[in-house]
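The block underneath contains the structure these notes are about, expressed in C-alpha cells.
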Amino acid sequence: MIDIITTIINGLSLGGVYALIALGYTMVYGIAKMLNFAHGDIIMVGGFSIFVFFNMIGQPLLAVAAAIIVCIVVGLLTERFAYRPLRGASPLAVLITAIGVSYLLQSLAQIIFGAAPKKMSAFSDLGMLNIGELKVKIATLITLGVATVIMIALTLFINKTKVGKAMLAVSEDRGAAQLMGINVNFVIALTFAIGSALAAVAGASYILQNPTVNVSMGSMPGIKAFTAAVIGGIGSIPGAMLGGILLGLIETICNAIPGLSDYTIAIEFALLILILLVKPTGLLGKKRREKV
Amino acid sequence: MSGFTTYLKSIKRSFKLKNFIMYFILAFVIILFGTLNSVTGLKRSTVTLLEQMSYSMIMALSLSLVVGFLGELSLGHAGFMSLGAFLGGYMQTYLYPSLTAGAPLLSLVLSMLIGGLIAAAFGFVIGLPALRLKGDYLAIVTLAFGEIVKVIFTNVKFYALDGRLLSTTVGVLKTGRYDQKSLFIIGFIVVLLTMIFIQNFIKSKHGNAVMAIRDNEIAARAMGVNVTFYKLLVFVISAFFAGLAGVLYSNASHNINAADFDYNYSINFLVMVVLGGMGNLNGSILAAALISFLNNKLQTILTGDMAGFKNLFYALILILIVIYNNAPKLRGFRAKYNLRNLFNFVKAKLTKLFTKKQPVPDPAAEVEYGADWDKIPTKIEMDALLSTDFTPDNTYVPDKADKPKEGGKE
Amino acid sequence: MEETDITLNDPSLPDDEKAIGNDIVLRTENLGISFGGLKAASDVNLTIYKGQLYGLIGPNGAGKTTIFNLLTGVYKPTFGRFYLCGEDLTGFSQMAINRKGVARTFQNIRLFNNMSVIKNVLVSLSHLPEYKNTFFDAVFRTPRHYKVEKAMRHRAKEILEIFGLLEERNGLASNLPYGKQRKLEIARALASNPKLLLLDEPAAGMNPQETEELMETIRFVRDKFDVTILLIEHDMKLVSGICEEITVLNFGQVLAQGQVKDVLADPEVIKAYLGG
C-alpha cells in the first residue's frame, strides 16, 4: 500500500516535470504552428546554467533564476535567427531546422562542458520527509508544488491578461489577429520566452529527481513531453498538463513492474502512435479542418 | 525486329547526361576499386570506408525518396535499417551453413532480400499512419517507431535454432560475414541497382504522382491520384532499401549493436539528404559519400569531446542550407546566388575562353524534376499579389478577411 | 460578342438541347451537409444538361464552394444524393469521383508548384485507361513504359497548345504569371477527360480584359472538349455573359434558379446581394 502511494506521488511529480515541458511544446505549437524539436535541449541549457551558477554562487534559487534568464535568451535567439526567417516556408523546412538547432545546442554543450555527466547531488539532496511509514523525497514534493503553482499561474495569465488573450487570438487565426493590430512577431517571441522559462524550471525539477547534468539530458524528456502534449491534445494548455501527469504516472507505474521496466519507452511511444492514429486531436484538443 | 529498334530508340531518346552520369560514376568506382583490390589489394581502412559509403548511399537514396519526393520526414530510418541488420543478418547465419560452402554470395543476396522484405513489411505498417497524418505528426510517429525497434532489439537475446546463445550481451548480435575484401564491390553494385530502380520510378508517371502529392495533396486527390497507394508504395520501397542497407551493414561490422541504430543515426542520413539537395538523387549519393568520408576520418582526428565539432558542423549544414533554400525573404538572394548560376557563369567563361562564342541557352531544356525550393518565383505579379493570400512581407496568411469562409466555419 | 450572348441566353436553348441529347449530366437531390449542427448547405437541387454552361452564384459564405466540395468528394454529404449521368456517386472518394468524370479547379490556385507545367498536366492524364502502365513497367523500363510515356507527353502537349502554354511547358508551374496559372489549372482539370468540369471562381483576381479572354476560353473549352461546365463566379458580367442557367445560393439554400435574365431580376436575389 505504502509502495503504491509512493509510486503515485513519484508519478505525479515526474508528470509535473513532463507537464512543464509539454506546456512549452504545446504553446509553441499552438501559436507558431511548429514542432520545436530543440525545446528539449533548452532543458539541457537550463541544467548546465544551474550547474555553472550553483557552483559559482552556491545559492540554489538564484542559480535557477539565472538559468531561467539564460534559457529565455537562448530561446529568443533560436526563434529570431533560425525560425523567424522560415515563417511562411514549408513545415518540412521548419522541422528540419528545428532538428538542426537541437543538434547545435547539444554539440555546443559538448564542446564547452564535455560529454561526461556532471554530478549535482549538492543541489538536489534535500533529504526525506517521513510521515509514518511513508517516505517521500522533499525534492519530489517541491517539484509537485512548483509545477502546480506554475500551471495555475499560466492558466490565469493566458485567460485573464490582454497579452494572454492576444496569444489565444494568434493561435486561432494568425492572419486575422494581425489585421486586428496584434503584433504577431512579439506574441510568438513571447511564447518562446515563456516556453523556455518553463523549460528552465523543468530542468531544475529534472535535476532534483536525477542529480546529474549531461549533454543529452533533454532529448528523451523532450520527446516524452511531446508525447504528453499529443496525448492531451496539442495546442491545448489544460491538455498538456493532463497529458504530462498521465504520462508521468504511466512511466512510474511501468518502471515499478519488474518485467515491464525495460520496455517503458516502447510502451510510451506505442501509446503515442496509437493516440495519433485513433484520436490525433488528443484528449482535449480541437479539430482543425484543412480548407479546400 | 522493328519493335526492338523502336525500343532502343526510345531509350536513346530518354538519355540525359544528368540522369545517367551517376551510373557511369558508380560503374567506374566499382571497376577502379575492384581492379585495385584484386591487383594490389586495398588497405583495411579504405575497404571499411568504401563499405560505409555503400550502405550510407543506399540509406540516403531511400530517405531521399520519402523526404525529397513524397515530402514527408522520416526520423526512424535507422529503425528500418536495424530490422534489416538484425533479422536479415540472423537469417544469414542460417543460410550460410545450410547452403553449400561455395555459395556465400547467394546467402548474402538472399539475406539482403529477406532483410529488405521484412523492413518493407514494416514500411507498410508505418505507411498506414502516413495516410492519416502529415508533417510534424508523421515525423514523430516515425521517430517513435525507430525508438521502439531500438528498445525491443536492445532487450532481446538471440538464440540459434539449436538453443545456443548467439551473443552473450543483450542487444548485440554476431552476424554472418561476407568476404571482407570484396563486400564493398557487392555494396556498390547494390547502390547502382538502387539508383537505377529509384530513378526509373521517379522519372515516370508514378513518380509524377508522388511529387504531385508532395506539392499539393488536395489537388492530387482531385486529379484522381491514388494517394493511398502511392504513399504506401513509397514507404514500402524506402523501407525495403533501408533494410537491404542494414544487411550490408551487418556484413560489414559483423557485430551489430541495437543501440547504434538510434535517432542520431537517422539524423545522420537526413543530413546527407539535405546536403545533397531535396529531391536530387545524384546529390544524395555525393553527400552520402562526403559525410561517410568525414565521419570516418573525423573519428580518428576529433576524439573525445572534440567530436562535438562534427555534430556542430552537421547542425550548421541542416540550419543554413534549409534557411537558404526556404526563407521567403531570401528569394531574391537565391535567384542571384545559386549553384546553377555559378555553374552557368563558369561554363560561359570557359566556352568564351575556348570558342570565343556565347553559348546559346537551350530553351527546351528540361527543368529539374526535384523539389527545387530555390526556384520559388522571384517576381510576383501585381495581380497575384492582390488576389492571393500574401501580405506585403510575403508571409502566408490562410484567409483574407474579404474572402468567403467555406467549410467548417460557414 | 453581342450575338453569342444573345444566342446563349436564348430561353429556348436548354429545351433544344433536351431535344437533342436528353442527357442529364449532373443531378443533385436535396444535397446538403452540416458541420456540427450548422447547415452549410441544404436541399440543393440542381439539374444540369449535357453541354450546358451553368452558373452557381451567391453572396460570400453562401455555400458555393461547399457544394463543389460535396460534388468532388472532399466532404461527404450529410443529406441527399447526387448523380453523374445517372450514376449515384454519393459517398465516393475524391479519386473515384474524378475517375468517374468530374474535374475541378480551385478558388485559391492549387497547382503542383515545384513541378514543370507539362508534368502538372501529365499527373491528371496518368490514370486514364489508355495510358495504363504499371509500376513494374516503369522500374524495368519495358517497351510499354516508353510507349505510354510518349503518348502521354504527346497528349499533354496538345492540351497545352490549346491553352497557349506550350512554350512554357518546361518551366515551373509557380513561375507562370497569374492568368496563365489559372489557365493551367483548367488545362490540368480537362486532361483527366471529365464529363463535368467545375470551375471555382475562374476570374478571381483578373482584370476586365483577362476576364474577357477567359470567357472566350471557357466557351471554347465547352465546345472543343465536349464537356459540361458548372462554375462559381462573383463577376456578374462573366456570369451573365456565358452562363445559360444559374442557381443563386444564400445561407446554404437555393434562393432562385433558372434563366440568367429572370433570376437576376428576381427581387429576392437583389435583396440578398444588396441587403446582405
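Within each chain, counting starts at residue 1; across the C-alpha cells, chains are named A, B, ... in the order shown, with ligands numbered 1 upward in that order.
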Considering only C-alpha atoms, give me a table of residues in chain B that are at most 6 Å from chain A, with the closest atom pair and distance in Å for each, as JSON lines.
```
{"residue": "B:Val141", "atom": "CA", "partner": "A:Ile273", "partner_atom": "CA", "distance": 5.8}
{"residue": "B:Ala144", "atom": "CA", "partner": "A:Phe269", "partner_atom": "CA", "distance": 5.3}
{"residue": "B:Ile148", "atom": "CA", "partner": "A:Ala266", "partner_atom": "CA", "distance": 4.7}
{"residue": "B:Asp305", "atom": "CA", "partner": "A:Gly114", "partner_atom": "CA", "distance": 5.2}
{"residue": "B:Gly308", "atom": "CA", "partner": "A:Ser107", "partner_atom": "CA", "distance": 4.6}
{"residue": "B:Asn311", "atom": "CA", "partner": "A:Ser107", "partner_atom": "CA", "distance": 5.6}
{"residue": "B:Leu312", "atom": "CA", "partner": "A:Ser107", "partner_atom": "CA", "distance": 5.3}
{"residue": "B:Ala315", "atom": "CA", "partner": "A:Gly100", "partner_atom": "CA", "distance": 4.5}
{"residue": "B:Leu318", "atom": "CA", "partner": "A:Gly100", "partner_atom": "CA", "distance": 5.2}
{"residue": "B:Ile319", "atom": "CA", "partner": "A:Thr97", "partner_atom": "CA", "distance": 4.8}
{"residue": "B:Asn326", "atom": "CA", "partner": "A:Ala89", "partner_atom": "CA", "distance": 5.9}
{"residue": "B:Ala327", "atom": "CA", "partner": "A:Leu86", "partner_atom": "CA", "distance": 4.7}
{"residue": "B:Thr395", "atom": "CA", "partner": "A:Gly88", "partner_atom": "CA", "distance": 5.0}
{"residue": "B:Tyr396", "atom": "CA", "partner": "A:Gly88", "partner_atom": "CA", "distance": 5.2}
{"residue": "B:Val397", "atom": "CA", "partner": "A:Gly175", "partner_atom": "CA", "distance": 5.0}
```
Next on the checklist: I want to know what sits within 9 Å of segment 133-147 of chain A, based on only C-alpha atoms, with residues of the same chain fewer than 2 positions away left out; could you give that as a ChimeraX atom specification?
Outcome noted: /A:2-3,5-6,9-10,12-17,19-20,124-131,149-152,201-202,204-206,208-209
Determine, for each residue of chain C having at least one atom at most 7 Å from an atom of chain B, the closest pair of atoms and their separation in Å to one decimal, counting only C-alpha atoms; order by chain and ascending number, as JSON lines.
```
{"residue": "C:Phe35", "atom": "CA", "partner": "B:Gly408", "partner_atom": "CA", "distance": 5.9}
{"residue": "C:Ala40", "atom": "CA", "partner": "B:Glu410", "partner_atom": "CA", "distance": 5.8}
{"residue": "C:Asn60", "atom": "CA", "partner": "B:Pro404", "partner_atom": "CA", "distance": 4.6}
{"residue": "C:Gly61", "atom": "CA", "partner": "B:Pro404", "partner_atom": "CA", "distance": 4.9}
{"residue": "C:Gly63", "atom": "CA", "partner": "B:Glu406", "partner_atom": "CA", "distance": 6.7}
{"residue": "C:Thr65", "atom": "CA", "partner": "B:Glu406", "partner_atom": "CA", "distance": 6.6}
{"residue": "C:Thr66", "atom": "CA", "partner": "B:Gly407", "partner_atom": "CA", "distance": 6.0}
{"residue": "C:Gln94", "atom": "CA", "partner": "B:Ala222", "partner_atom": "CA", "distance": 5.7}
{"residue": "C:Met95", "atom": "CA", "partner": "B:Gly224", "partner_atom": "CA", "distance": 4.2}
{"residue": "C:Ala96", "atom": "CA", "partner": "B:Gly224", "partner_atom": "CA", "distance": 6.9}
{"residue": "C:Asn98", "atom": "CA", "partner": "B:Gly224", "partner_atom": "CA", "distance": 5.2}
{"residue": "C:Arg99", "atom": "CA", "partner": "B:Gly224", "partner_atom": "CA", "distance": 5.9}
{"residue": "C:Ala103", "atom": "CA", "partner": "B:Met223", "partner_atom": "CA", "distance": 6.8}
{"residue": "C:Asn108", "atom": "CA", "partner": "B:Thr388", "partner_atom": "CA", "distance": 6.9}
{"residue": "C:Arg110", "atom": "CA", "partner": "B:Ala219", "partner_atom": "CA", "distance": 6.1}
{"residue": "C:Phe112", "atom": "CA", "partner": "B:Asp215", "partner_atom": "CA", "distance": 5.0}
{"residue": "C:Asn113", "atom": "CA", "partner": "B:Asp215", "partner_atom": "CA", "distance": 6.2}
{"residue": "C:Asn114", "atom": "CA", "partner": "B:Ala371", "partner_atom": "CA", "distance": 5.6}
{"residue": "C:Met115", "atom": "CA", "partner": "B:Tyr369", "partner_atom": "CA", "distance": 6.5}
{"residue": "C:Ser116", "atom": "CA", "partner": "B:Val367", "partner_atom": "CA", "distance": 6.9}
{"residue": "C:Lys119", "atom": "CA", "partner": "B:Asn208", "partner_atom": "CA", "distance": 6.8}
{"residue": "C:Val123", "atom": "CA", "partner": "B:Ala209", "partner_atom": "CA", "distance": 5.8}
{"residue": "C:Ser124", "atom": "CA", "partner": "B:Met223", "partner_atom": "CA", "distance": 5.2}
{"residue": "C:Ser126", "atom": "CA", "partner": "B:Lys205", "partner_atom": "CA", "distance": 6.2}
{"residue": "C:Phe135", "atom": "CA", "partner": "B:His206", "partner_atom": "CA", "distance": 6.8}
{"residue": "C:Ala138", "atom": "CA", "partner": "B:Phe201", "partner_atom": "CA", "distance": 5.8}
{"residue": "C:Val139", "atom": "CA", "partner": "B:Asn200", "partner_atom": "CA", "distance": 5.0}
{"residue": "C:Pro143", "atom": "CA", "partner": "B:Tyr7", "partner_atom": "CA", "distance": 5.7}
{"residue": "C:Tyr146", "atom": "CA", "partner": "B:Ser10", "partner_atom": "CA", "distance": 6.2}
{"residue": "C:Asn170", "atom": "CA", "partner": "B:Glu366", "partner_atom": "CA", "distance": 5.6}
{"residue": "C:Gly171", "atom": "CA", "partner": "B:Val367", "partner_atom": "CA", "distance": 6.4}
{"residue": "C:Ser174", "atom": "CA", "partner": "B:Pro377", "partner_atom": "CA", "distance": 6.4}
{"residue": "C:Asn175", "atom": "CA", "partner": "B:Pro377", "partner_atom": "CA", "distance": 5.3}
{"residue": "C:Pro177", "atom": "CA", "partner": "B:Glu381", "partner_atom": "CA", "distance": 6.5}
{"residue": "C:Tyr178", "atom": "CA", "partner": "B:Ala384", "partner_atom": "CA", "distance": 5.6}
{"residue": "C:Ala189", "atom": "CA", "partner": "B:Met223", "partner_atom": "CA", "distance": 6.8}
{"residue": "C:Gly205", "atom": "CA", "partner": "B:Ser387", "partner_atom": "CA", "distance": 4.9}
```
Please dump the current selection as an mmCIF file, in the first residue's frame; keep C-alpha atoms.
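The new file out.cif reads:
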```
data_model
loop_
_atom_site.group_PDB
_atom_site.id
_atom_site.type_symbol
_atom_site.label_atom_id
_atom_site.label_comp_id
_atom_site.auth_asym_id
_atom_site.auth_seq_id
_atom_site.Cartn_x
_atom_site.Cartn_y
_atom_site.Cartn_z
ATOM 1 C CA PHE C 35 -20.882 20.783 -39.714
ATOM 2 C CA ALA C 40 -23.582 24.822 -44.581
ATOM 3 C CA ASN C 60 -19.916 35.395 -49.573
ATOM 4 C CA GLY C 61 -20.389 32.374 -47.368
ATOM 5 C CA GLY C 63 -22.032 27.661 -49.529
ATOM 6 C CA THR C 65 -17.531 26.081 -52.620
ATOM 7 C CA THR C 66 -19.131 23.700 -50.130
ATOM 8 C CA GLN C 94 -12.296 12.171 -54.416
ATOM 9 C CA MET C 95 -10.169 9.891 -56.556
ATOM 10 C CA ALA C 96 -13.121 7.761 -57.627
ATOM 11 C CA ASN C 98 -12.516 12.250 -60.569
ATOM 12 C CA ARG C 99 -12.133 8.965 -62.394
ATOM 13 C CA ALA C 103 -12.734 17.524 -62.520
ATOM 14 C CA ASN C 108 -7.027 29.613 -54.401
ATOM 15 C CA ARG C 110 -3.600 24.762 -56.263
ATOM 16 C CA PHE C 112 1.840 21.390 -58.310
ATOM 17 C CA ASN C 113 4.205 24.295 -57.844
ATOM 18 C CA ASN C 114 7.544 22.528 -57.815
ATOM 19 C CA MET C 115 6.769 20.547 -60.947
ATOM 20 C CA SER C 116 7.022 21.654 -64.533
ATOM 21 C CA LYS C 119 4.025 17.485 -65.544
ATOM 22 C CA VAL C 123 -0.394 13.922 -63.483
ATOM 23 C CA SER C 124 -4.057 14.076 -64.352
ATOM 24 C CA SER C 126 -1.818 9.341 -65.985
ATOM 25 C CA PHE C 135 4.935 0.372 -61.509
ATOM 26 C CA ALA C 138 8.394 1.995 -65.068
ATOM 27 C CA VAL C 139 11.085 0.420 -62.906
ATOM 28 C CA PRO C 143 8.696 -1.033 -74.104
ATOM 29 C CA TYR C 146 8.259 4.243 -73.314
ATOM 30 C CA ASN C 170 9.263 23.003 -69.152
ATOM 31 C CA GLY C 171 9.175 25.905 -66.722
ATOM 32 C CA SER C 174 4.856 28.502 -59.929
ATOM 33 C CA ASN C 175 6.857 30.672 -62.333
ATOM 34 C CA PRO C 177 2.091 34.624 -64.350
ATOM 35 C CA TYR C 178 -1.209 34.567 -62.512
ATOM 36 C CA ALA C 189 -8.577 19.519 -64.988
ATOM 37 C CA GLY C 205 -8.080 38.394 -59.453
#
```
Item to check | Nearby residues (only C-alpha atoms) at most 8 Å from segment 49-57 of chain C, same-chain spacing under 3 positions excluded, as an MDAnalysis selection string | outcome: chainID C and resid 14 17:18 21:26 64 222:223 226:234 239 242:249
Dump of C-alpha atoms for the selected residues, as a PDB file, in the first residue's frame:
```pdb
ATOM      1  CA  PRO C  14     -31.889  24.305 -72.968  1.00  0.00           C
ATOM      2  CA  GLU C  17     -30.524  20.589 -76.015  1.00  0.00           C
ATOM      3  CA  LYS C  18     -33.001  18.429 -74.189  1.00  0.00           C
ATOM      4  CA  GLY C  21     -29.310  14.871 -76.204  1.00  0.00           C
ATOM      5  CA  ASN C  22     -31.854  14.442 -73.469  1.00  0.00           C
ATOM      6  CA  ASP C  23     -28.851  13.871 -71.241  1.00  0.00           C
ATOM      7  CA  ILE C  24     -28.708  14.958 -67.661  1.00  0.00           C
ATOM      8  CA  VAL C  25     -25.061  15.148 -66.682  1.00  0.00           C
ATOM      9  CA  LEU C  26     -25.466  16.185 -63.071  1.00  0.00           C
ATOM     10  CA  LYS C  64     -20.931  27.647 -53.149  1.00  0.00           C
ATOM     11  CA  ARG C 222     -17.040  23.591 -73.664  1.00  0.00           C
ATOM     12  CA  ASP C 223     -17.215  23.137 -77.434  1.00  0.00           C
ATOM     13  CA  ASP C 226     -17.412  18.335 -75.253  1.00  0.00           C
ATOM     14  CA  VAL C 227     -17.745  18.980 -71.562  1.00  0.00           C
ATOM     15  CA  THR C 228     -20.439  20.341 -69.286  1.00  0.00           C
ATOM     16  CA  ILE C 229     -19.362  23.232 -67.097  1.00  0.00           C
ATOM     17  CA  LEU C 230     -20.553  24.317 -63.687  1.00  0.00           C
ATOM     18  CA  LEU C 231     -18.898  27.469 -62.434  1.00  0.00           C
ATOM     19  CA  ILE C 232     -18.871  29.623 -59.344  1.00  0.00           C
ATOM     20  CA  GLU C 233     -18.351  33.284 -60.035  1.00  0.00           C
ATOM     21  CA  HIS C 234     -18.669  36.680 -58.446  1.00  0.00           C
ATOM     22  CA  VAL C 239     -21.933  35.018 -65.356  1.00  0.00           C
ATOM     23  CA  ILE C 242     -21.641  32.973 -70.670  1.00  0.00           C
ATOM     24  CA  CYS C 243     -23.976  31.083 -68.381  1.00  0.00           C
ATOM     25  CA  GLU C 244     -27.202  29.722 -69.720  1.00  0.00           C
ATOM     26  CA  GLU C 245     -28.790  28.906 -66.423  1.00  0.00           C
ATOM     27  CA  ILE C 246     -27.862  29.832 -62.889  1.00  0.00           C
ATOM     28  CA  THR C 247     -28.652  28.925 -59.344  1.00  0.00           C
ATOM     29  CA  VAL C 248     -28.393  31.519 -56.598  1.00  0.00           C
ATOM     30  CA  LEU C 249     -27.436  30.254 -53.173  1.00  0.00           C
TER      31      LEU C 249
END
```
Checklist entry - Would you give me, as an MDAnalysis selection string, the residues in segment 215-252 of chain A that DSSP reads as alpha helix (DSSP H)? => result chainID A and resid 219:232 237:252
Go ahead and dump the residues you just picked, C-alpha atoms, as a short mmCIF file (atom, residue, chain, number, x, y, z; two decimals), in the first residue's frame.
```cif
data_model
loop_
_atom_site.label_atom_id
_atom_site.label_comp_id
_atom_site.auth_asym_id
_atom_site.auth_seq_id
_atom_site.Cartn_x
_atom_site.Cartn_y
_atom_site.Cartn_z
CA SER A 219 16.31 14.75 -25.60
CA MET A 220 14.35 11.93 -24.02
CA PRO A 221 12.28 14.05 -21.61
CA GLY A 222 11.70 16.39 -24.54
CA ILE A 223 10.29 13.70 -26.80
CA LYS A 224 8.30 12.20 -23.94
CA ALA A 225 6.86 15.59 -23.10
CA PHE A 226 5.88 15.95 -26.71
CA THR A 227 4.11 12.62 -26.34
CA ALA A 228 2.36 14.08 -23.30
CA ALA A 229 1.34 17.15 -25.29
CA VAL A 230 -0.09 14.92 -28.02
CA ILE A 231 -1.96 12.75 -25.51
CA GLY A 232 -3.55 15.82 -24.03
CA ILE A 237 -2.89 24.08 -22.29
CA PRO A 238 -5.02 22.02 -19.89
CA GLY A 239 -4.38 19.11 -22.27
CA ALA A 240 -0.61 19.43 -21.84
CA MET A 241 -0.99 19.34 -18.06
CA LEU A 242 -3.30 16.34 -18.15
CA GLY A 243 -1.10 14.53 -20.67
CA GLY A 244 2.03 15.25 -18.64
CA ILE A 245 0.54 13.90 -15.42
CA LEU A 246 -0.85 10.81 -17.20
CA LEU A 247 2.46 10.06 -18.87
CA GLY A 248 4.35 10.54 -15.59
CA LEU A 249 2.06 8.09 -13.84
CA ILE A 250 2.27 5.55 -16.69
CA GLU A 251 6.05 5.75 -16.72
CA THR A 252 6.44 5.38 -12.95
#
```
Checklist entry - What is the atom CA of Thr281 of chain A to atom CA of Ile234 of chain A distance in Å? => result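 Separation of atom CA of Thr281 of chain A and atom CA of Ile234 of chain A: 6.9 Å.
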Each chain C residue no farther than 12 Å from chain A, nearest pair in Å, only C-alpha atoms, as JSON lines:
```
{"residue": "C:Phe35", "atom": "CA", "partner": "A:Arg289", "partner_atom": "CA", "distance": 10.8}
{"residue": "C:Gly36", "atom": "CA", "partner": "A:Lys287", "partner_atom": "CA", "distance": 11.5}
{"residue": "C:Thr65", "atom": "CA", "partner": "A:Val292", "partner_atom": "CA", "distance": 8.3}
{"residue": "C:Thr66", "atom": "CA", "partner": "A:Val292", "partner_atom": "CA", "distance": 9.0}
{"residue": "C:Ile67", "atom": "CA", "partner": "A:Val292", "partner_atom": "CA", "distance": 11.6}
{"residue": "C:Phe68", "atom": "CA", "partner": "A:Val292", "partner_atom": "CA", "distance": 9.7}
{"residue": "C:Asn69", "atom": "CA", "partner": "A:Val292", "partner_atom": "CA", "distance": 7.6}
{"residue": "C:Leu70", "atom": "CA", "partner": "A:Val292", "partner_atom": "CA", "distance": 11.1}
{"residue": "C:Thr72", "atom": "CA", "partner": "A:Val292", "partner_atom": "CA", "distance": 11.0}
{"residue": "C:Gly73", "atom": "CA", "partner": "A:Val292", "partner_atom": "CA", "distance": 11.4}
{"residue": "C:Val74", "atom": "CA", "partner": "A:Val292", "partner_atom": "CA", "distance": 8.0}
{"residue": "C:Tyr75", "atom": "CA", "partner": "A:Val292", "partner_atom": "CA", "distance": 9.9}
{"residue": "C:Arg104", "atom": "CA", "partner": "A:Val292", "partner_atom": "CA", "distance": 11.6}
{"residue": "C:Thr105", "atom": "CA", "partner": "A:Val292", "partner_atom": "CA", "distance": 10.6}
{"residue": "C:Phe106", "atom": "CA", "partner": "A:Val292", "partner_atom": "CA", "distance": 7.6}
{"residue": "C:Gln107", "atom": "CA", "partner": "A:Val292", "partner_atom": "CA", "distance": 8.2}
{"residue": "C:Asn108", "atom": "CA", "partner": "A:Val292", "partner_atom": "CA", "distance": 8.4}
{"residue": "C:Ile109", "atom": "CA", "partner": "A:Val292", "partner_atom": "CA", "distance": 10.3}
{"residue": "C:Arg110", "atom": "CA", "partner": "A:Val292", "partner_atom": "CA", "distance": 9.4}
{"residue": "C:Asp200", "atom": "CA", "partner": "A:Val292", "partner_atom": "CA", "distance": 10.8}
```
File dump, residues just selected, C-alpha atoms, as a PDB file, in the first residue's frame:
```pdb
ATOM      1  CA  PHE C  35     -20.882  20.783 -39.714  1.00  0.00           C
ATOM      2  CA  GLY C  36     -21.645  20.089 -36.072  1.00  0.00           C
ATOM      3  CA  THR C  65     -17.531  26.081 -52.620  1.00  0.00           C
ATOM      4  CA  THR C  66     -19.131  23.700 -50.130  1.00  0.00           C
ATOM      5  CA  ILE C  67     -21.297  22.418 -52.979  1.00  0.00           C
ATOM      6  CA  PHE C  68     -18.152  21.905 -55.078  1.00  0.00           C
ATOM      7  CA  ASN C  69     -16.524  20.089 -52.201  1.00  0.00           C
ATOM      8  CA  LEU C  70     -19.555  17.828 -51.926  1.00  0.00           C
ATOM      9  CA  THR C  72     -15.922  16.237 -55.710  1.00  0.00           C
ATOM     10  CA  GLY C  73     -15.961  14.093 -52.588  1.00  0.00           C
ATOM     11  CA  VAL C  74     -13.918  16.388 -50.325  1.00  0.00           C
ATOM     12  CA  TYR C  75     -16.890  16.320 -47.963  1.00  0.00           C
ATOM     13  CA  ARG C 104     -12.350  20.846 -60.790  1.00  0.00           C
ATOM     14  CA  THR C 105     -10.256  23.943 -60.311  1.00  0.00           C
ATOM     15  CA  PHE C 106      -9.723  25.698 -57.003  1.00  0.00           C
ATOM     16  CA  GLN C 107     -10.580  29.111 -55.683  1.00  0.00           C
ATOM     17  CA  ASN C 108      -7.027  29.613 -54.401  1.00  0.00           C
ATOM     18  CA  ILE C 109      -4.950  28.167 -57.207  1.00  0.00           C
ATOM     19  CA  ARG C 110      -3.600  24.762 -56.263  1.00  0.00           C
ATOM     20  CA  ASP C 200     -14.309  27.736 -58.767  1.00  0.00           C
TER      21      ASP C 200
END
```
Checklist entry - Leaving out Arg155 of chain C and any residue of its chain fewer than 5 positions from it, which residues lie within 9 Å of it when counting only C-alpha atoms, given as a list in words? => result Leu122, Leu125, Lys150, Leu160 and Ala191 of chain C
